[in-house]
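Reading through the structure tokens given below for one structure.
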Amino acid sequence: MLYLFLRRFIVAPLVKLFFHPKVTGLEHIPATGPALLVSNHLAFCDSIFLPVAVPRQIVFPAKSEYFTAPGLKGKLVATFFRSVGQIPIDRSGGRASLAALNTGLEILKKGDLFGIYPEGTRSPDGRLYKGKTGVARMAIVAGVPVIPVAMIDTEKLQPPGKVWPNWFYREKGRRIPRLVRPGVAFGKPLDFSRYEGMERDRFVLRSVTDEIMYALMDLSGQEYVDIYADKAKELIKAGESVDEHVRLGDTKAS
């Protein structure tokens, strides 16, 4: 399989050579059978470091724009994403979100690993943001172990808006190597079997999602912000304070 070939002989050796990521808790990943991997999301490179850390293939949803870009570059990008186990997902909400959920359930039903970022997008400032309840619905319906995953310091390698890792920083006009060793930490599996058949209860969905986000906060050491990351990005772009909106209890923002 192209995924295993790229991972074992090309991507993994390069990642280990240049970054030497610290991986802990790998014993929590089952050797066989389905599991839902839920991770915080700090940088684009999370989708490289996480699959490299796990011996088994992980299928991740990727925004559909990566697969539909025109020209030769677009085709190469789409080929790369497919080769590393990514599948196109329309993240516009509504029926598209339901289709994404069903795709994930099908992958889990086949006994594979499915990875998802509950925040829905990358953190704009390195903090952990409110999770979306689709992850809870998937966990309850699939009835599989939910494994929290903490990406650590990847945003220092690849700050928001950067396409490639940021190898250097400037100090007094000099370019100095940025020595960062990223980490991938796997936590103990979470069991939500007690909520079987309750995937339509919005209070249950929020409770399960919050439990997942608490596990991620505990594992990553991040500060938690009770607002959705995409809303936080809108506020930051508009020059407004995320913390002020949270302090004032802006329900539209959360």
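By convention in this document, the chains of the structure tokens carry letters A, B, ... by their order, each chain's residues are numbered from 1, and ligands are numbered from 1 in the order they are shown.
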
Backbone-only DSSP, strand (DSSP E) members of stretch 42-218 of chain A, as an mmCIF file with N, CA, C and O atoms, in the first residue's frame:
data_model
loop_
_atom_site.group_PDB
_atom_site.id
_atom_site.type_symbol
_atom_site.label_atom_id
_atom_site.label_comp_id
_atom_site.auth_asym_id
_atom_site.auth_seq_id
_atom_site.Cartn_x
_atom_site.Cartn_y
_atom_site.Cartn_z
ATOM 1 N N ILE A 58 -3.838 5.580 9.976
ATOM 2 C CA ILE A 58 -4.928 6.404 10.498
ATOM 3 C C ILE A 58 -5.570 7.135 9.327
ATOM 4 O O ILE A 58 -4.866 7.750 8.519
ATOM 5 N N VAL A 59 -6.873 7.069 9.231
ATOM 6 C CA VAL A 59 -7.593 7.823 8.204
ATOM 7 C C VAL A 59 -8.061 9.129 8.826
ATOM 8 O O VAL A 59 -8.687 9.137 9.891
ATOM 9 N N PHE A 60 -7.740 10.236 8.163
ATOM 10 C CA PHE A 60 -8.138 11.557 8.640
ATOM 11 C C PHE A 60 -9.031 12.232 7.616
ATOM 12 O O PHE A 60 -8.809 12.097 6.410
ATOM 13 N N PRO A 61 -10.026 12.995 8.055
ATOM 14 C CA PRO A 61 -10.769 13.845 7.112
ATOM 15 C C PRO A 61 -9.960 15.104 6.825
ATOM 16 O O PRO A 61 -9.364 15.686 7.732
ATOM 17 N N ALA A 62 -9.907 15.505 5.580
ATOM 18 C CA ALA A 62 -9.225 16.745 5.190
ATOM 19 C C ALA A 62 -10.209 17.578 4.387
ATOM 20 O O ALA A 62 -11.051 17.039 3.673
ATOM 21 N N LYS A 63 -10.106 18.896 4.504
ATOM 22 C CA LYS A 63 -11.072 19.743 3.814
ATOM 23 C C LYS A 63 -11.014 19.504 2.312
ATOM 24 O O LYS A 63 -9.939 19.314 1.729
ATOM 25 N N GLN A 86 -5.671 10.436 3.762
ATOM 26 C CA GLN A 86 -6.645 11.494 3.970
ATOM 27 C C GLN A 86 -7.841 11.298 3.028
ATOM 28 O O GLN A 86 -7.672 10.843 1.903
ATOM 29 N N ILE A 87 -9.019 11.660 3.506
ATOM 30 C CA ILE A 87 -10.214 11.589 2.677
ATOM 31 C C ILE A 87 -10.869 12.969 2.645
ATOM 32 O O ILE A 87 -10.844 13.700 3.630
ATOM 33 N N PRO A 88 -11.439 13.357 1.497
ATOM 34 C CA PRO A 88 -12.046 14.695 1.402
ATOM 35 C C PRO A 88 -13.339 14.793 2.190
ATOM 36 O O PRO A 88 -14.181 13.899 2.148
ATOM 37 N N ILE A 89 -13.464 15.895 2.926
ATOM 38 C CA ILE A 89 -14.658 16.144 3.728
ATOM 39 C C ILE A 89 -15.127 17.577 3.483
ATOM 40 O O ILE A 89 -14.341 18.522 3.552
ATOM 41 N N LEU A 113 -8.546 2.695 12.147
ATOM 42 C CA LEU A 113 -8.394 3.856 13.025
ATOM 43 C C LEU A 113 -8.860 5.109 12.291
ATOM 44 O O LEU A 113 -8.496 5.325 11.130
ATOM 45 N N PHE A 114 -9.641 5.923 12.964
ATOM 46 C CA PHE A 114 -10.105 7.174 12.373
ATOM 47 C C PHE A 114 -9.681 8.313 13.280
ATOM 48 O O PHE A 114 -9.889 8.274 14.489
ATOM 49 N N GLY A 115 -9.052 9.335 12.699
ATOM 50 C CA GLY A 115 -8.598 10.476 13.480
ATOM 51 C C GLY A 115 -9.436 11.705 13.205
ATOM 52 O O GLY A 115 -9.884 11.931 12.073
ATOM 53 N N ILE A 116 -9.654 12.512 14.234
ATOM 54 C CA ILE A 116 -10.475 13.703 14.061
ATOM 55 C C ILE A 116 -10.012 14.789 15.030
ATOM 56 O O ILE A 116 -9.501 14.498 16.127
ATOM 57 N N LEU A 128 -6.482 25.638 23.739
ATOM 58 C CA LEU A 128 -7.452 24.608 23.380
ATOM 59 C C LEU A 128 -8.847 25.207 23.387
ATOM 60 O O LEU A 128 -9.269 25.824 24.376
ATOM 61 N N TYR A 129 -9.576 25.001 22.286
ATOM 62 C CA TYR A 129 -10.892 25.613 22.147
ATOM 63 C C TYR A 129 -12.020 24.581 22.251
ATOM 64 O O TYR A 129 -11.784 23.379 22.211
ATOM 65 N N VAL A 146 -12.194 5.643 22.538
ATOM 66 C CA VAL A 146 -11.838 6.996 22.127
ATOM 67 C C VAL A 146 -10.497 7.342 22.774
ATOM 68 O O VAL A 146 -10.397 7.385 24.005
ATOM 69 N N ILE A 147 -9.490 7.568 21.952
ATOM 70 C CA ILE A 147 -8.135 7.780 22.466
ATOM 71 C C ILE A 147 -7.747 9.246 22.306
ATOM 72 O O ILE A 147 -7.618 9.745 21.183
ATOM 73 N N PRO A 148 -7.578 9.966 23.428
ATOM 74 C CA PRO A 148 -7.145 11.370 23.322
ATOM 75 C C PRO A 148 -5.686 11.449 22.894
ATOM 76 O O PRO A 148 -4.856 10.641 23.322
ATOM 77 N N VAL A 149 -5.387 12.423 22.047
ATOM 78 C CA VAL A 149 -4.026 12.618 21.543
ATOM 79 C C VAL A 149 -3.662 14.092 21.691
ATOM 80 O O VAL A 149 -4.407 14.961 21.242
ATOM 81 N N ALA A 150 -2.522 14.348 22.304
ATOM 82 C CA ALA A 150 -2.059 15.727 22.474
ATOM 83 C C ALA A 150 -0.862 15.988 21.573
ATOM 84 O O ALA A 150 0.164 15.323 21.686
ATOM 85 N N MET A 151 -1.019 16.935 20.658
ATOM 86 C CA MET A 151 0.099 17.428 19.869
ATOM 87 C C MET A 151 0.762 18.533 20.690
ATOM 88 O O MET A 151 0.084 19.435 21.182
ATOM 89 N N ILE A 152 2.070 18.459 20.833
ATOM 90 C CA ILE A 152 2.782 19.373 21.723
ATOM 91 C C ILE A 152 3.858 20.147 20.961
ATOM 92 O O ILE A 152 4.706 19.551 20.289
ATOM 93 N N PHE A 168 13.898 28.914 11.581
ATOM 94 C CA PHE A 168 14.742 29.930 12.194
ATOM 95 C C PHE A 168 13.891 31.051 12.800
ATOM 96 O O PHE A 168 12.742 31.234 12.433
ATOM 97 N N TYR A 169 14.468 31.772 13.724
ATOM 98 C CA TYR A 169 13.865 33.009 14.201
ATOM 99 C C TYR A 169 14.935 34.098 14.176
ATOM 100 O O TYR A 169 16.139 33.813 14.144
ATOM 101 N N ARG A 170 14.504 35.344 14.155
ATOM 102 C CA ARG A 170 15.455 36.457 14.054
ATOM 103 C C ARG A 170 15.687 37.103 15.418
ATOM 104 O O ARG A 170 14.750 37.330 16.175
ATOM 105 N N GLU A 171 16.948 37.378 15.699
ATOM 106 C CA GLU A 171 17.316 38.065 16.922
ATOM 107 C C GLU A 171 18.468 39.009 16.601
ATOM 108 O O GLU A 171 19.557 38.575 16.202
ATOM 109 N N ARG A 174 19.929 38.579 13.190
ATOM 110 C CA ARG A 174 20.560 37.295 12.848
ATOM 111 C C ARG A 174 19.508 36.188 12.795
ATOM 112 O O ARG A 174 18.543 36.192 13.556
ATOM 113 N N ARG A 175 19.742 35.247 11.894
ATOM 114 C CA ARG A 175 18.867 34.070 11.800
ATOM 115 C C ARG A 175 19.434 32.969 12.692
ATOM 116 O O ARG A 175 20.545 32.485 12.470
ATOM 117 N N ILE A 176 18.658 32.593 13.698
ATOM 118 C CA ILE A 176 19.111 31.600 14.677
ATOM 119 C C ILE A 176 18.233 30.359 14.566
ATOM 120 O O ILE A 176 17.004 30.462 14.507
ATOM 121 N N PRO A 177 18.843 29.164 14.510
ATOM 122 C CA PRO A 177 18.048 27.939 14.397
ATOM 123 C C PRO A 177 17.044 27.804 15.542
ATOM 124 O O PRO A 177 17.364 28.079 16.695
ATOM 125 N N GLY A 183 6.077 16.977 20.245
ATOM 126 C CA GLY A 183 5.669 15.768 20.948
ATOM 127 C C GLY A 183 4.304 15.281 20.523
ATOM 128 O O GLY A 183 3.461 16.053 20.055
ATOM 129 N N VAL A 184 4.091 13.970 20.669
ATOM 130 C CA VAL A 184 2.787 13.354 20.439
ATOM 131 C C VAL A 184 2.514 12.464 21.654
ATOM 132 O O VAL A 184 3.250 11.509 21.899
ATOM 133 N N ALA A 185 1.482 12.795 22.422
ATOM 134 C CA ALA A 185 1.162 12.044 23.638
ATOM 135 C C ALA A 185 -0.212 11.394 23.511
ATOM 136 O O ALA A 185 -1.200 12.077 23.227
ATOM 137 N N PHE A 186 -0.256 10.087 23.719
ATOM 138 C CA PHE A 186 -1.514 9.338 23.659
ATOM 139 C C PHE A 186 -1.994 9.054 25.082
ATOM 140 O O PHE A 186 -1.223 8.594 25.926
#

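When atom CA of A:Met198 is paired with atom CA of A:Leu101, their separation reads 15.9 Å.
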
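Residues in contact range of A:Ile29, defined as at most 9 Å between only C-alpha atoms, with sequence neighbours fewer than 3 positions away removed, read Gly25, Leu26, Thr32, Ala35, Leu37, Val54, Arg56, Ile147, Phe186, Lys188 and Pro189 of chain A.
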
> So, counting only C-alpha atoms, which residue among A:Gly111, A:Lys231, A:Ile212, A:Asp153 is closest to A:Ala31?
Replying inline: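 The answer is A:Gly111, which sits nearest to A:Ala31.
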
Which of stretch 23-56 of chain A DSSP labels helix (DSSP H, G or I), written as a PDB file with all heavy atoms, in the first residue's frame:
ATOM      1  N   LEU A  26       2.131   5.232  23.514  1.00  0.00           N
ATOM      2  CA  LEU A  26       1.779   4.474  22.310  1.00  0.00           C
ATOM      3  C   LEU A  26       1.111   3.141  22.648  1.00  0.00           C
ATOM      4  O   LEU A  26       0.390   2.570  21.821  1.00  0.00           O
ATOM      5  CB  LEU A  26       3.039   4.236  21.475  1.00  0.00           C
ATOM      6  CG  LEU A  26       2.863   3.837  20.006  1.00  0.00           C
ATOM      7  CD1 LEU A  26       1.995   4.838  19.259  1.00  0.00           C
ATOM      8  CD2 LEU A  26       4.214   3.672  19.316  1.00  0.00           C
ATOM      9  N   GLU A  27       1.317   2.664  23.877  1.00  0.00           N
ATOM     10  CA  GLU A  27       0.712   1.400  24.295  1.00  0.00           C
ATOM     11  C   GLU A  27      -0.813   1.488  24.355  1.00  0.00           C
ATOM     12  O   GLU A  27      -1.502   0.455  24.406  1.00  0.00           O
ATOM     13  CB  GLU A  27       1.256   0.973  25.664  1.00  0.00           C
ATOM     14  CG  GLU A  27       0.851   1.843  26.837  1.00  0.00           C
ATOM     15  CD  GLU A  27       1.763   3.055  27.048  1.00  0.00           C
ATOM     16  OE1 GLU A  27       2.618   3.320  26.184  1.00  0.00           O
ATOM     17  OE2 GLU A  27       1.596   3.725  28.093  1.00  0.00           O
ATOM     18  N   HIS A  28      -1.358   2.698  24.321  1.00  0.00           N
ATOM     19  CA  HIS A  28      -2.812   2.850  24.364  1.00  0.00           C
ATOM     20  C   HIS A  28      -3.474   2.638  22.996  1.00  0.00           C
ATOM     21  O   HIS A  28      -4.706   2.561  22.915  1.00  0.00           O
ATOM     22  CB  HIS A  28      -3.178   4.240  24.890  1.00  0.00           C
ATOM     23  CG  HIS A  28      -2.725   4.492  26.302  1.00  0.00           C
ATOM     24  ND1 HIS A  28      -3.032   3.632  27.334  1.00  0.00           N
ATOM     25  CD2 HIS A  28      -1.983   5.502  26.843  1.00  0.00           C
ATOM     26  CE1 HIS A  28      -2.503   4.096  28.461  1.00  0.00           C
ATOM     27  NE2 HIS A  28      -1.864   5.217  28.186  1.00  0.00           N
ATOM     28  N   ASP A  46       0.519  18.681  12.220  1.00  0.00           N
ATOM     29  CA  ASP A  46      -0.055  17.663  13.112  1.00  0.00           C
ATOM     30  C   ASP A  46      -0.452  16.420  12.322  1.00  0.00           C
ATOM     31  O   ASP A  46      -0.312  15.292  12.799  1.00  0.00           O
ATOM     32  CB  ASP A  46      -1.301  18.205  13.822  1.00  0.00           C
ATOM     33  CG  ASP A  46      -0.986  19.338  14.781  1.00  0.00           C
ATOM     34  OD1 ASP A  46       0.187  19.457  15.193  1.00  0.00           O
ATOM     35  OD2 ASP A  46      -1.914  20.109  15.106  1.00  0.00           O
ATOM     36  N   SER A  47      -0.962  16.649  11.108  1.00  0.00           N
ATOM     37  CA  SER A  47      -1.437  15.542  10.271  1.00  0.00           C
ATOM     38  C   SER A  47      -0.289  14.758   9.642  1.00  0.00           C
ATOM     39  O   SER A  47      -0.526  13.805   8.895  1.00  0.00           O
ATOM     40  CB  SER A  47      -2.361  16.078   9.168  1.00  0.00           C
ATOM     41  OG  SER A  47      -3.527  16.653   9.745  1.00  0.00           O
ATOM     42  N   ILE A  48       0.940  15.168   9.945  1.00  0.00           N
ATOM     43  CA  ILE A  48       2.118  14.393   9.536  1.00  0.00           C
ATOM     44  C   ILE A  48       2.728  13.695  10.752  1.00  0.00           C
ATOM     45  O   ILE A  48       2.988  12.499  10.731  1.00  0.00           O
ATOM     46  CB  ILE A  48       3.159  15.300   8.854  1.00  0.00           C
ATOM     47  CG1 ILE A  48       2.571  15.890   7.570  1.00  0.00           C
ATOM     48  CG2 ILE A  48       4.438  14.510   8.550  1.00  0.00           C
ATOM     49  CD1 ILE A  48       3.471  16.878   6.878  1.00  0.00           C
ATOM     50  N   PHE A  49       2.926  14.462  11.837  1.00  0.00           N
ATOM     51  CA  PHE A  49       3.546  13.893  13.029  1.00  0.00           C
ATOM     52  C   PHE A  49       2.695  12.790  13.661  1.00  0.00           C
ATOM     53  O   PHE A  49       3.235  11.786  14.136  1.00  0.00           O
ATOM     54  CB  PHE A  49       3.809  14.989  14.063  1.00  0.00           C
ATOM     55  CG  PHE A  49       4.947  15.905  13.703  1.00  0.00           C
ATOM     56  CD1 PHE A  49       4.752  17.268  13.572  1.00  0.00           C
ATOM     57  CD2 PHE A  49       6.216  15.405  13.492  1.00  0.00           C
ATOM     58  CE1 PHE A  49       5.792  18.105  13.230  1.00  0.00           C
ATOM     59  CE2 PHE A  49       7.271  16.230  13.150  1.00  0.00           C
ATOM     60  CZ  PHE A  49       7.066  17.586  13.018  1.00  0.00           C
ATOM     61  N   LEU A  50       1.383  12.966  13.690  1.00  0.00           N
ATOM     62  CA  LEU A  50       0.514  11.960  14.321  1.00  0.00           C
ATOM     63  C   LEU A  50       0.518  10.632  13.554  1.00  0.00           C
ATOM     64  O   LEU A  50       0.759   9.578  14.162  1.00  0.00           O
ATOM     65  CB  LEU A  50      -0.904  12.513  14.474  1.00  0.00           C
ATOM     66  CG  LEU A  50      -1.953  11.568  15.070  1.00  0.00           C
ATOM     67  CD1 LEU A  50      -1.459  10.899  16.335  1.00  0.00           C
ATOM     68  CD2 LEU A  50      -3.257  12.336  15.340  1.00  0.00           C
ATOM     69  N   PRO A  51       0.287  10.604  12.242  1.00  0.00           N
ATOM     70  CA  PRO A  51       0.339   9.320  11.532  1.00  0.00           C
ATOM     71  C   PRO A  51       1.710   8.637  11.601  1.00  0.00           C
ATOM     72  O   PRO A  51       1.789   7.413  11.663  1.00  0.00           O
ATOM     73  CB  PRO A  51       0.001   9.708  10.085  1.00  0.00           C
ATOM     74  CG  PRO A  51      -0.776  10.964  10.201  1.00  0.00           C
ATOM     75  CD  PRO A  51      -0.168  11.696  11.357  1.00  0.00           C
ATOM     76  N   VAL A  52       2.782   9.435  11.618  1.00  0.00           N
ATOM     77  CA  VAL A  52       4.128   8.862  11.703  1.00  0.00           C
ATOM     78  C   VAL A  52       4.335   8.173  13.053  1.00  0.00           C
ATOM     79  O   VAL A  52       5.064   7.178  13.149  1.00  0.00           O
ATOM     80  CB  VAL A  52       5.192   9.957  11.482  1.00  0.00           C
ATOM     81  CG1 VAL A  52       6.568   9.496  11.939  1.00  0.00           C
ATOM     82  CG2 VAL A  52       5.253  10.343  10.014  1.00  0.00           C
ATOM     83  N   ALA A  53       3.674   8.678  14.096  1.00  0.00           N
ATOM     84  CA  ALA A  53       3.864   8.132  15.444  1.00  0.00           C
ATOM     85  C   ALA A  53       3.175   6.790  15.647  1.00  0.00           C
ATOM     86  O   ALA A  53       3.538   6.039  16.554  1.00  0.00           O
ATOM     87  CB  ALA A  53       3.348   9.129  16.474  1.00  0.00           C
TER      88      ALA A  53
END

>> Could you tell me how far atom CA of A:Pro182 sits from atom CA of A:Thr154, in Å to one decimal place?
In response: 5.5 Å

> In Å to one decimal, how far is atom CA of A:Cys45 from atom CA of A:Ile10?
Replying inline: 15.6 Å

>> From the options A:Gly221, A:Pro55, A:Ala229, A:His41, which residue's atoms come nearest to A:Glu155, counting only C-alpha atoms?
In response: A:His41

> When distances are computed from only C-alpha atoms, which of A:Ile107, A:Ala136, A:Ala215, A:Val11 shows the smallest separation from A:Gly33?
Replying inline: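 The shortest atom-to-atom distance to A:Gly33 comes from A:Ile107.
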